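Engineer: Just target12.cif, nothing more (mmCIF, C-alpha atoms):
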```cif
data_run
#
loop_
_atom_site.label_atom_id
_atom_site.label_comp_id
_atom_site.auth_asym_id
_atom_site.auth_seq_id
_atom_site.Cartn_x
_atom_site.Cartn_y
_atom_site.Cartn_z
CA MET A 1 13.90 8.20 -4.94
CA ASN A 2 11.48 5.25 -5.02
CA ARG A 3 9.34 4.71 -1.96
CA PHE A 4 6.16 2.95 -0.98
CA THR A 5 4.35 1.81 2.14
CA TYR A 6 2.83 -1.64 2.53
CA ASP A 7 0.41 -2.08 5.41
CA THR A 8 -0.38 -5.80 5.69
CA LYS A 9 -3.61 -5.13 7.57
CA LYS A 10 -5.01 -2.60 5.07
CA PRO A 11 -3.01 -2.97 1.84
CA LEU A 12 -5.33 -0.74 -0.20
CA GLY A 13 -5.79 2.00 2.36
CA SER A 14 -8.38 2.73 4.99
CA PRO A 15 -11.86 1.35 4.22
CA THR A 16 -13.33 4.04 6.46
CA GLY A 17 -11.84 6.77 4.26
CA PHE A 18 -13.17 4.99 1.17
CA ARG A 19 -16.67 4.84 2.66
CA ALA A 20 -16.57 8.50 3.71
CA LEU A 21 -15.52 9.60 0.22
CA ALA A 22 -18.24 7.43 -1.36
CA ILE A 23 -20.88 8.99 0.93
CA VAL A 24 -19.65 12.49 0.05
CA MET A 25 -19.83 11.66 -3.68
CA ILE A 26 -23.39 10.31 -3.28
CA LEU A 27 -24.40 13.52 -1.50
CA ILE A 28 -22.85 15.62 -4.29
CA ILE A 29 -24.64 13.56 -6.95
CA THR A 30 -27.93 13.96 -5.05
CA PHE A 31 -27.40 17.74 -4.89
CA ILE A 32 -26.65 17.82 -8.64
CA TYR A 33 -29.85 15.90 -9.39
CA ILE A 34 -31.90 18.22 -7.17
CA LYS A 35 -30.63 21.17 -9.23
CA LEU A 36 -30.69 19.34 -12.58
CA LEU A 37 -34.02 17.51 -12.64
CA PRO A 38 -36.48 20.45 -12.57
CA THR A 39 -34.96 21.96 -15.71
CA THR A 40 -33.88 18.92 -17.71
CA LEU A 41 -36.69 16.45 -17.02
CA PRO A 42 -39.31 18.43 -18.98
CA ARG A 43 -36.86 18.81 -21.88
CA ILE A 44 -36.16 15.04 -21.90
CA VAL A 45 -39.92 14.29 -21.92
CA LYS A 46 -40.37 16.61 -24.95
CA ASN A 47 -37.40 14.90 -26.69
CA GLU A 48 -35.48 18.19 -26.81
CA GLU A 49 -32.54 16.76 -24.86
CA SER A 50 -30.90 13.35 -24.53
CA ASN A 51 -31.29 11.34 -21.34
CA ASN A 52 -27.48 10.96 -21.19
CA VAL A 53 -27.42 14.17 -19.15
CA LEU A 54 -28.81 12.18 -16.23
CA ILE A 55 -26.03 9.59 -16.46
CA TYR A 56 -23.04 11.98 -16.35
CA PRO A 57 -23.16 12.77 -12.58
CA PHE A 58 -22.70 9.07 -11.82
CA PHE A 59 -19.16 9.31 -13.22
CA LEU A 60 -18.25 11.09 -9.96
CA LEU A 61 -18.47 7.69 -8.27
CA ILE A 62 -15.19 6.82 -9.97
CA LEU A 63 -13.31 9.16 -7.61
CA PRO A 64 -13.49 6.95 -4.47
CA ILE A 65 -12.05 4.04 -6.47
CA ILE A 66 -8.98 5.94 -7.69
CA TYR A 67 -6.99 5.86 -4.40
CA PRO A 68 -7.16 2.08 -3.75
CA LEU A 69 -6.55 1.45 -7.44
CA GLU A 70 -3.48 3.71 -7.38
CA LYS A 71 -2.12 1.86 -4.31
CA TRP A 72 -2.71 -1.53 -5.99
CA ILE A 73 -0.96 -0.44 -9.20
CA ASN A 74 1.93 1.01 -7.18
CA LEU A 75 2.47 -2.27 -5.31
CA HIS A 76 1.65 -4.86 -7.99
CA VAL A 77 2.94 -3.14 -11.15
CA ILE A 78 5.41 -0.32 -10.48
CA HIS A 79 7.25 -1.89 -7.51
CA TYR A 80 6.43 -5.52 -8.33
CA LYS A 81 9.83 -7.11 -7.58
CA GLU A 82 10.38 -5.21 -4.35
CA PHE A 83 6.81 -5.90 -3.20
CA GLN A 84 7.12 -9.63 -3.87
CA ALA A 85 10.43 -9.79 -1.98
CA LEU A 86 8.93 -7.96 1.02
CA LYS A 87 5.84 -10.17 0.90
CA LYS A 88 8.08 -13.24 0.96
CA VAL A 89 9.92 -11.87 4.04
CA ILE A 90 6.65 -11.06 5.82
CA GLN A 91 5.17 -14.49 5.15
CA SER A 92 8.29 -16.42 6.14
CA ALA A 93 8.70 -14.43 9.39
CA GLN A 94 4.95 -14.69 10.14
CA LEU A 95 4.49 -10.95 10.64
CA VAL A 96 0.72 -11.13 10.09
CA ASP A 97 -1.80 -12.40 12.67
CA TYR A 98 -4.86 -14.02 11.07
CA ASP A 99 -8.32 -14.70 12.49
CA ASP A 100 -9.81 -18.20 12.60
CA LYS A 101 -9.55 -20.31 9.46
CA ASN A 102 -13.35 -20.29 9.22
CA LYS A 103 -13.64 -16.50 8.96
CA THR A 104 -12.76 -15.08 5.55
CA SER A 105 -13.12 -11.74 3.83
CA ILE A 106 -14.94 -10.97 0.60
CA PHE A 107 -12.46 -12.72 -1.72
CA SER A 108 -12.03 -15.87 0.45
CA ILE A 109 -8.92 -14.43 2.05
CA ARG A 110 -8.40 -14.96 5.77
CA GLN A 111 -9.13 -11.87 7.84
CA VAL A 112 -6.11 -10.08 9.29
CA ILE A 113 -6.25 -9.18 12.98
CA ALA A 114 -2.90 -7.37 13.12
CA GLY A 115 -0.12 -6.96 10.61
CA ALA A 116 3.24 -5.31 10.23
CA LYS A 117 3.64 -2.09 8.29
CA VAL A 118 6.64 -1.81 5.96
CA MET A 119 8.12 1.37 4.55
CA TYR A 120 10.45 0.85 1.56
CA LYS A 121 12.73 3.63 0.39
CA LYS A 122 15.44 3.50 -2.29
CA LEU A 123 18.13 6.03 -1.47
CA ALA A 124 20.03 8.21 -3.96
CA ASN A 125 23.26 6.20 -3.53
CA GLY A 126 21.54 2.96 -4.61
CA ASN A 127 21.07 1.52 -1.14
CA ILE A 128 17.65 0.50 0.14
CA GLU A 129 16.16 1.42 3.51
CA VAL A 130 13.37 -0.80 4.82
CA THR A 131 11.56 -0.01 8.07
CA PHE A 132 9.29 -2.55 9.78
CA TYR A 133 6.62 -1.46 12.29
CA PRO A 134 5.12 -4.40 14.26
CA ASN A 135 1.71 -2.71 14.89
CA GLY A 136 0.68 -5.08 17.67
CA ILE A 137 1.46 -8.46 16.10
CA LYS A 138 2.08 -11.47 18.37
CA ASN A 139 5.61 -12.02 17.06
CA SER A 140 6.73 -8.40 17.38
CA ASP A 141 10.24 -9.47 18.41
CA ARG A 142 10.74 -11.04 14.95
CA VAL A 143 10.73 -7.57 13.38
CA SER A 144 14.22 -7.00 14.81
CA GLN A 145 15.51 -10.37 13.51
CA LEU A 146 14.95 -10.07 9.76
CA THR A 147 18.53 -9.61 8.59
CA ASP A 148 18.94 -13.11 7.12
CA ARG A 149 15.47 -13.16 5.54
CA LEU A 150 16.00 -9.78 3.87
CA GLN A 151 19.40 -10.89 2.62
CA GLU A 152 17.85 -14.00 1.02
CA ALA A 153 14.94 -12.11 -0.53
CA PHE A 154 16.88 -9.17 -1.99
CA GLY A 155 20.32 -10.72 -2.48
CA LEU A 156 22.00 -7.73 -0.83
CA THR A 157 24.02 -7.21 2.32
CA VAL A 158 21.74 -6.17 5.18
CA ILE A 159 22.63 -4.07 8.21
CA SER A 160 20.23 -3.24 11.03
CA ILE A 161 20.77 0.49 11.58
CA ASP A 162 17.97 1.48 13.96
CA LYS A 163 16.41 -0.88 16.53
CA GLN A 164 13.74 0.73 18.66
CA LEU A 165 10.66 -0.54 20.49
CA THR A 166 8.31 0.86 17.82
CA HIS A 167 10.24 -0.09 14.68
CA THR A 168 13.42 -1.53 13.18
CA THR A 169 15.17 -0.04 10.15
CA TYR A 170 17.42 -2.05 7.85
CA LEU A 171 19.89 -0.80 5.27
CA LEU A 172 20.37 -3.01 2.22
CA GLY A 173 23.21 -2.52 -0.25
CA TYR A 174 26.29 -3.95 -1.93
CA ILE A 175 29.09 -4.17 0.61
CA SER A 176 31.77 -4.19 -2.13
CA LEU A 177 30.71 -0.70 -3.21
CA ASN A 178 30.90 0.66 0.34
CA LYS A 179 34.27 -0.74 1.44
CA LYS A 180 37.43 1.31 1.58
CA GLU A 181 40.74 0.10 0.16
CA VAL A 182 43.65 0.05 2.59
CA ASN A 183 47.25 0.49 1.43
CA ASP A 184 50.70 0.95 3.06
CA ASN A 185 50.35 4.73 3.27
CA ASP A 186 47.46 4.41 5.76
CA PHE A 187 49.82 3.02 8.49
#
```
Kindly return the structure encoded in the file as structure tokens.

Structural biologist:
Amino acid sequence: MNRFTYDTKKPLGSPTGFRALAIVMILIITFIYIKLLPTTLPRIVKNEESNNVLIYPFFLLILPIIYPLEKWINLHVIHYKEFQALKKVIQSAQLVDYDDKNKTSIFSIRQVIAGAKVMYKKLANGNIEVTFYPNGIKNSDRVSQLTDRLQEAFGLTVISIDKQLTHTTYLLGYISLNKKEVNDNDF
């Protein structure tokens, strides 16, 4: 079963969690150096040991980068077609609230104030279940009116199966595979 979550406000995960993990890794590296330097520094000065030993603890800084990188690869490589279709639906329905045009983020992208969260799940029978959470966007009523947009983006028949105040779930599939044949014996 294929599944992924796309949060339009934080597509690569929580920056707070990333910062916390980076701080923890820096503290671990500092602790390693406190234990390592008294024994290895004299050996490096006497040319008995290579100075590469001091570089190895910095490889622990790779760990905080793994989670956002895994999320990016999951969205942009593994689930590329589905992600692009959902992105097209989100942009056409304006399910993301942006800040002023003058304020941009690091990569000259407009800052997101609020954005919808989408959960994509491919079911065992071949159908697709997509759930939209408005998460405080201005156009939160549009989340329950995405049937036509999803049908255009995925090319499948779309049925809204669960409309609630907090989310709307859609079922996408081929209607010809789900229909039942009727014959004279049924009457």

Engineer: Report the residues retrieved by the PyMOL selection byres ((chain A and resi 123) around 12) from the displayed file, expressed as a list in words.

Structural biologist: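 Matching residues under the PyMOL selection byres ((chain A and resi 123) around 12) are Met1, Asn2, Arg3, Tyr120, Lys121, Lys122, Ala124, Asn125, Gly126, Asn127, Ile128, Glu129, Val130, Leu171, Leu172 and Gly173 of chain A.
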
Engineer: For A:Asn139, which residue out of A:Thr30, A:Val53, A:Ala116, A:Pro64 is the nearest one, using all atoms listed in the file?

Structural biologist: A:Ala116

Engineer: Suppose you want the space between atom CA of A:Leu12 and atom CA of A:Tyr67; what is it in Å?

Structural biologist: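 Calculated distance between atom CA of A:Leu12 and atom CA of A:Tyr67 is 8.0 Å.
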
Engineer: What is the distance between atom CA of A:Asn135 and atom CA of A:Gly115, in Å to one decimal?

Structural biologist: 6.3 Å

Engineer: Quote the spacing between atom CA of A:Lys88 and atom CA of A:Leu156 in Å to one decimal place.

Structural biologist: 15.1 Å

Engineer: Using only C-alpha atoms for the distances, tell me which of A:Lys138, A:Arg110, A:Lys87, A:Lys163 is nearest to A:Asp7.

Structural biologist: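 When distances to A:Asp7 are compared using only C-alpha atoms, the smallest one comes from A:Lys87.
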
Engineer: Report as a list in words the full result of the PyMOL selection byres ((chain A and resi 134) around 8) when it is applied to this structure.

Structural biologist: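 Output of the PyMOL selection byres ((chain A and resi 134) around 8): Leu95, Gly115, Ala116, Lys117, Phe132, Tyr133, Asn135, Gly136, Ile137, Ser140, Val143, Thr166 and His167 of chain A.
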
Engineer: Those residues you just picked out, can you put them in a file as a PDB file, in the coordinates of the input with C-alpha atoms?

Structural biologist:
```pdb
ATOM      1  CA  LEU A  95       4.490 -10.950  10.640  1.00  0.00           C
ATOM      2  CA  GLY A 115      -0.120  -6.960  10.610  1.00  0.00           C
ATOM      3  CA  ALA A 116       3.240  -5.310  10.230  1.00  0.00           C
ATOM      4  CA  LYS A 117       3.640  -2.090   8.290  1.00  0.00           C
ATOM      5  CA  PHE A 132       9.290  -2.550   9.780  1.00  0.00           C
ATOM      6  CA  TYR A 133       6.620  -1.460  12.290  1.00  0.00           C
ATOM      7  CA  ASN A 135       1.710  -2.710  14.890  1.00  0.00           C
ATOM      8  CA  GLY A 136       0.680  -5.080  17.670  1.00  0.00           C
ATOM      9  CA  ILE A 137       1.460  -8.460  16.100  1.00  0.00           C
ATOM     10  CA  SER A 140       6.730  -8.400  17.380  1.00  0.00           C
ATOM     11  CA  VAL A 143      10.730  -7.570  13.380  1.00  0.00           C
ATOM     12  CA  THR A 166       8.310   0.860  17.820  1.00  0.00           C
ATOM     13  CA  HIS A 167      10.240  -0.090  14.680  1.00  0.00           C
TER      14      HIS A 167
END
```

Engineer: Neighbouring residues of A:Ala85 were defined as those with any atom within 7 Å, considering only C-alpha atoms; residues of the same chain fewer than 4 positions away were excluded. Please report them as number ranges by chain.

Structural biologist: A: 81, 89, 153-154

Engineer: Keeping C-alpha atoms, export the residues of the selection given above as a compact mmCIF listing (two decimals), in the frame of the given file.

Structural biologist:
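out.txt was written with the following content:
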```
# COMPACT_ATOMS: atom_id res chain seq x y z
CA LYS A 81 9.83 -7.11 -7.58
CA VAL A 89 9.92 -11.87 4.04
CA ALA A 153 14.94 -12.11 -0.53
CA PHE A 154 16.88 -9.17 -1.99
```
